[in-house]
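A.B. asks: Here you go, structure-v4.cif (mmCIF, C-alpha atoms):
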data_structure
#
loop_
_atom_site.label_atom_id
_atom_site.label_comp_id
_atom_site.auth_asym_id
_atom_site.auth_seq_id
_atom_site.Cartn_x
_atom_site.Cartn_y
_atom_site.Cartn_z
CA MET I 1 101.10 48.37 129.28
CA HIS I 2 103.10 48.47 126.08
CA ARG I 3 102.30 50.69 123.18
CA ARG I 4 101.41 47.67 121.06
CA ASP I 5 98.98 46.30 123.69
CA PHE I 6 97.44 49.75 124.07
CA LEU I 7 96.86 50.02 120.29
CA ILE I 8 95.25 46.55 120.20
CA TRP I 9 93.00 47.42 123.15
CA LEU I 10 92.12 50.77 121.55
CA SER I 11 91.29 49.22 118.17
CA ILE I 12 89.10 46.56 119.82
CA THR I 13 87.30 49.21 121.88
CA VAL I 14 86.77 51.51 118.90
CA SER I 15 85.59 48.59 116.72
CA GLY I 16 83.12 47.52 119.41
CA PHE I 17 81.85 51.06 119.80
CA ILE I 18 81.39 51.41 116.02
CA ALA I 19 79.54 48.06 115.84
CA LEU I 20 77.27 49.01 118.75
CA THR I 21 76.54 52.45 117.30
CA THR I 22 75.87 51.03 113.84
CA ASN I 23 73.48 48.43 115.27
CA LEU I 24 71.69 51.06 117.35
CA LEU I 25 71.34 53.47 114.41
CA ASN I 26 70.06 50.61 112.22
CA LYS I 27 67.35 49.80 114.79
CA ILE I 28 66.37 53.47 115.10
CA LEU I 29 66.12 53.88 111.32
CA ARG I 30 64.08 50.68 111.00
CA TYR I 31 61.76 51.91 113.74
CA ILE I 32 61.31 55.29 112.05
CA SER I 33 60.80 53.86 108.57
CA GLY I 34 58.38 51.19 109.78
CA PRO I 35 58.12 47.56 108.69
CA ASN I 36 58.67 46.44 105.12
CA LEU I 37 55.34 44.88 104.24
CA THR I 38 54.39 42.96 101.16
CA LYS I 39 51.39 44.24 99.22
CA GLU I 40 49.32 41.37 100.62
CA GLN I 41 50.29 42.22 104.22
CA GLU I 42 49.56 45.89 103.67
CA ALA I 43 46.19 45.04 102.07
CA LYS I 44 45.34 42.84 105.07
CA LEU I 45 46.12 45.73 107.45
CA VAL I 46 43.92 48.07 105.41
CA GLU I 47 41.10 45.48 105.50
CA GLU I 48 41.42 45.21 109.29
CA LYS I 49 41.23 49.01 109.58
CA ILE I 50 38.06 49.00 107.45
CA GLN I 51 36.52 46.30 109.66
CA ASN I 52 37.36 48.31 112.79
CA LEU I 53 35.78 51.40 111.24
CA ASP I 54 32.66 49.38 110.31
CA ARG I 55 32.36 48.17 113.92
CA SER I 56 32.75 51.75 115.17
CA VAL I 57 30.07 52.98 112.77
CA HIS I 58 27.72 50.17 113.88
CA LEU I 59 28.29 51.01 117.54
CA GLU I 60 27.61 54.70 116.93
CA LYS I 61 24.40 53.83 115.04
CA LEU I 62 23.26 51.76 118.03
CA ARG I 63 24.10 54.66 120.34
CA GLU I 64 22.15 57.09 118.11
CA GLU I 65 19.16 54.73 117.98
CA ARG I 66 19.09 54.56 121.77
CA LEU I 67 19.21 58.34 122.05
CA LEU I 68 16.34 58.87 119.63
CA LYS I 69 13.97 56.04 120.56
CA ASP I 70 12.22 54.98 123.75
CA LYS I 71 11.75 51.41 122.55
CA ILE I 72 13.75 49.19 120.20
CA LEU I 73 12.57 46.04 118.45
CA ILE I 74 14.45 42.93 119.53
CA CYS I 75 12.51 40.09 117.90
CA GLY I 76 9.15 38.45 117.44
CA LEU I 77 7.73 36.21 120.17
CA LYS I 78 8.02 33.29 117.75
CA ASP I 79 11.80 33.80 117.56
CA LEU I 80 12.36 32.99 121.25
CA LYS I 81 13.59 29.56 122.36
CA LYS I 82 13.49 27.88 125.75
CA LYS I 83 17.03 26.48 125.78
CA GLU I 84 18.99 29.04 123.78
CA GLY I 85 19.00 32.78 124.23
CA LEU I 86 18.79 35.25 121.39
CA PRO I 87 21.67 37.74 121.82
CA PHE I 88 20.98 41.46 121.61
CA VAL I 89 22.35 44.73 122.97
CA ASP I 90 20.41 46.51 125.71
CA PHE I 91 19.88 50.27 126.07
CA ASN I 92 23.25 50.62 127.82
CA LEU I 93 25.00 48.89 124.90
CA LYS I 94 25.66 45.82 127.07
CA PRO I 95 25.13 42.26 125.83
CA ALA I 96 21.90 40.56 126.84
CA LEU I 97 19.84 37.47 125.99
CA ALA I 98 16.18 36.90 125.21
CA PHE I 99 14.61 33.52 126.14
CA LEU I 100 11.21 31.92 126.26
CA GLY I 101 10.85 31.36 130.00
CA LYS I 102 8.38 29.54 132.21
CA ASP I 103 4.75 29.66 131.11
CA ASN I 104 6.02 30.73 127.64
CA ASN I 105 6.65 34.27 128.85
CA PRO I 106 9.63 36.19 127.47
CA VAL I 107 12.69 36.63 129.68
CA LEU I 108 15.20 39.34 128.78
CA ILE I 109 18.29 39.24 130.93
CA SER I 110 21.73 40.79 130.97
CA SER I 111 24.47 38.43 129.88
CA VAL I 112 27.18 40.28 131.82
CA CYS I 113 28.17 38.25 134.88
CA THR I 114 27.94 40.23 138.10
CA HIS I 115 31.16 38.66 139.40
CA LEU I 116 33.83 39.98 137.01
CA GLY I 117 31.93 41.01 133.89
CA CYS I 118 32.41 37.90 131.76
CA THR I 119 29.68 36.99 129.28
CA VAL I 120 27.36 34.18 130.29
CA GLN I 121 26.66 31.45 127.76
CA SER I 122 23.58 31.75 125.57
CA LYS I 123 22.66 28.05 125.86
CA LEU I 124 21.13 26.92 129.10
CA ASN I 125 23.05 24.37 131.17
CA LYS I 126 20.54 22.17 133.04
CA GLY I 127 18.01 24.98 132.82
CA ARG I 128 20.45 27.56 134.21
CA LEU I 129 22.68 30.24 132.74
CA LEU I 130 26.38 29.53 133.12
CA CYS I 131 29.22 32.00 133.35
CA PRO I 132 32.19 29.91 132.24
CA CYS I 133 34.88 32.23 133.64
CA HIS I 134 34.52 31.16 137.27
CA ILE I 135 31.64 28.66 137.01
CA THR I 136 28.71 30.64 138.32
CA TYR I 137 25.15 29.50 137.63
CA PHE I 138 22.18 31.84 137.44
CA GLU I 139 18.45 31.15 137.50
CA LEU I 140 16.93 32.16 134.16
CA ASP I 141 13.60 33.61 135.28
CA THR I 142 14.98 35.77 138.10
CA GLY I 143 18.69 36.14 137.34
CA LYS I 144 19.46 34.96 140.89
CA ALA I 145 23.01 33.65 141.43
CA LEU I 146 22.63 30.01 142.42
CA GLU I 147 26.19 28.81 142.93
CA GLY I 148 29.67 30.11 142.27
CA PRO I 149 31.48 33.30 143.23
CA ALA I 150 28.85 35.75 141.91
CA LYS I 151 26.50 36.96 144.66
CA LEU I 152 24.42 39.53 142.79
CA PRO I 153 21.71 38.51 140.31
CA LEU I 154 21.90 39.17 136.59
CA PRO I 155 19.79 42.27 135.89
CA MET I 156 16.56 41.81 133.99
CA VAL I 157 16.16 43.96 130.88
CA PRO I 158 12.93 45.99 130.78
CA PHE I 159 10.72 45.20 127.80
CA ILE I 160 7.23 45.39 126.42
CA VAL I 161 5.33 43.14 124.03
CA GLU I 162 3.26 44.75 121.29
CA GLU I 163 1.60 42.82 118.47
CA ASN I 164 3.68 39.69 119.22
CA LYS I 165 6.93 41.66 119.02
CA ILE I 166 9.36 42.28 121.87
CA TYR I 167 10.80 45.75 122.39
CA ILE I 168 13.35 46.79 124.96
CA VAL I 169 12.46 50.04 126.69
CA LYS I 170 14.51 52.70 128.47
CA HIS I 171 12.49 52.48 131.67
CA ALA I 172 10.13 49.82 132.88
#
For the structure just supplied, provide its representation as structure tokens.
C.D. replies:
Amino acid sequence: MHRRDFLIWLSITVSGFIALTTNLLNKILRYISGPNLTKEQEAKLVEEKIQNLDRSVHLEKLREERLLKDKILICGLKDLKKKEGLPFVDFNLKPALAFLGKDNNPVLISSVCTHLGCTVQSKLNKGRLLCPCHITYFELDTGKALEGPAKLPLPMVPFIVEENKIYIVKHA
């Protein structure tokens, strides 16, 4: 290799190394300094943080209520419908539905599918509850799995009725 070829190779190698190092340092500095946000983007992030905090506060209030009370008001009997469930949160902070079942009796049932934990739909499908994740149907009045991959029934939520109002209770 001639001296001239060596100098060309060396200058190309050094230039490449400098470019690579500069690019890497630029990425590190941008990572450390964070993104350059407009005021609107920053305000949107702050709003999302506030919403997340509000949801956390609401969840903690529900948790506190369940620690302090043995029964929690869900709705009035008049609020129940036969074909569409009224969503609520049970004592374990899991989603559930309240329906007007056969003979106009209330039915409170977990809306967490026993197959993989998806949420069943609140509107009845041909008189049955449907979990849309893997197409499992459940009987409303018993929670029994009728068809689909789920084998276990949906748990019934314990409740009492007092003065035409429905309350969930810790223990039946």
A.B. asks: I'd like the interatomic distance between CA of Arg30 in chain I and CA of Ile50 in chain I, to a tenth of an Å.
C.D. replies: 26.3 Å
A.B. asks: What residues come out when you apply the PyMOL selection byres ((chain I and resi 116) around 10) to this file, written as a list in words?
C.D. replies: Val112, Cys113, Thr114, His115, Gly117, Cys118, Thr119, Cys131, Cys133, His134, Pro149 and Ala150 of chain I
A.B. asks: Output C-alpha atoms for every residue in that selection, as a PDB file, in the frame of the given file.
C.D. replies:
ATOM      1  CA  VAL I 112      27.180  40.280 131.820  1.00  0.00           C
ATOM      2  CA  CYS I 113      28.170  38.250 134.880  1.00  0.00           C
ATOM      3  CA  THR I 114      27.940  40.230 138.100  1.00  0.00           C
ATOM      4  CA  HIS I 115      31.160  38.660 139.400  1.00  0.00           C
ATOM      5  CA  GLY I 117      31.930  41.010 133.890  1.00  0.00           C
ATOM      6  CA  CYS I 118      32.410  37.900 131.760  1.00  0.00           C
ATOM      7  CA  THR I 119      29.680  36.990 129.280  1.00  0.00           C
ATOM      8  CA  CYS I 131      29.220  32.000 133.350  1.00  0.00           C
ATOM      9  CA  CYS I 133      34.880  32.230 133.640  1.00  0.00           C
ATOM     10  CA  HIS I 134      34.520  31.160 137.270  1.00  0.00           C
ATOM     11  CA  PRO I 149      31.480  33.300 143.230  1.00  0.00           C
ATOM     12  CA  ALA I 150      28.850  35.750 141.910  1.00  0.00           C
TER      13      ALA I 150
END
A.B. asks: Just the number, please: distance in Å from CA of Arg63 in chain I to CA of Tyr167 in chain I, one decimal.
C.D. replies: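 Interatomic distance here is 16.1 Å.
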A.B. asks: Might you spell out which residues the PyMOL selection byres ((chain I and resi 123) around 8) would select in the displayed file, as a list of chain:residue names?
C.D. replies: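 The output of the PyMOL selection byres ((chain I and resi 123) around 8) on this file is I:Lys83, I:Glu84, I:Gly85, I:Gln121, I:Ser122, I:Leu124, I:Asn125, I:Leu129.
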A.B. asks: With distances taken over all atoms listed in the file, which residue among I:Asn164, I:Ala96, I:Phe91, I:Lys82 lies nearest Lys126 in chain I?
C.D. replies: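 The closest residue to Lys126 in chain I is I:Lys82.
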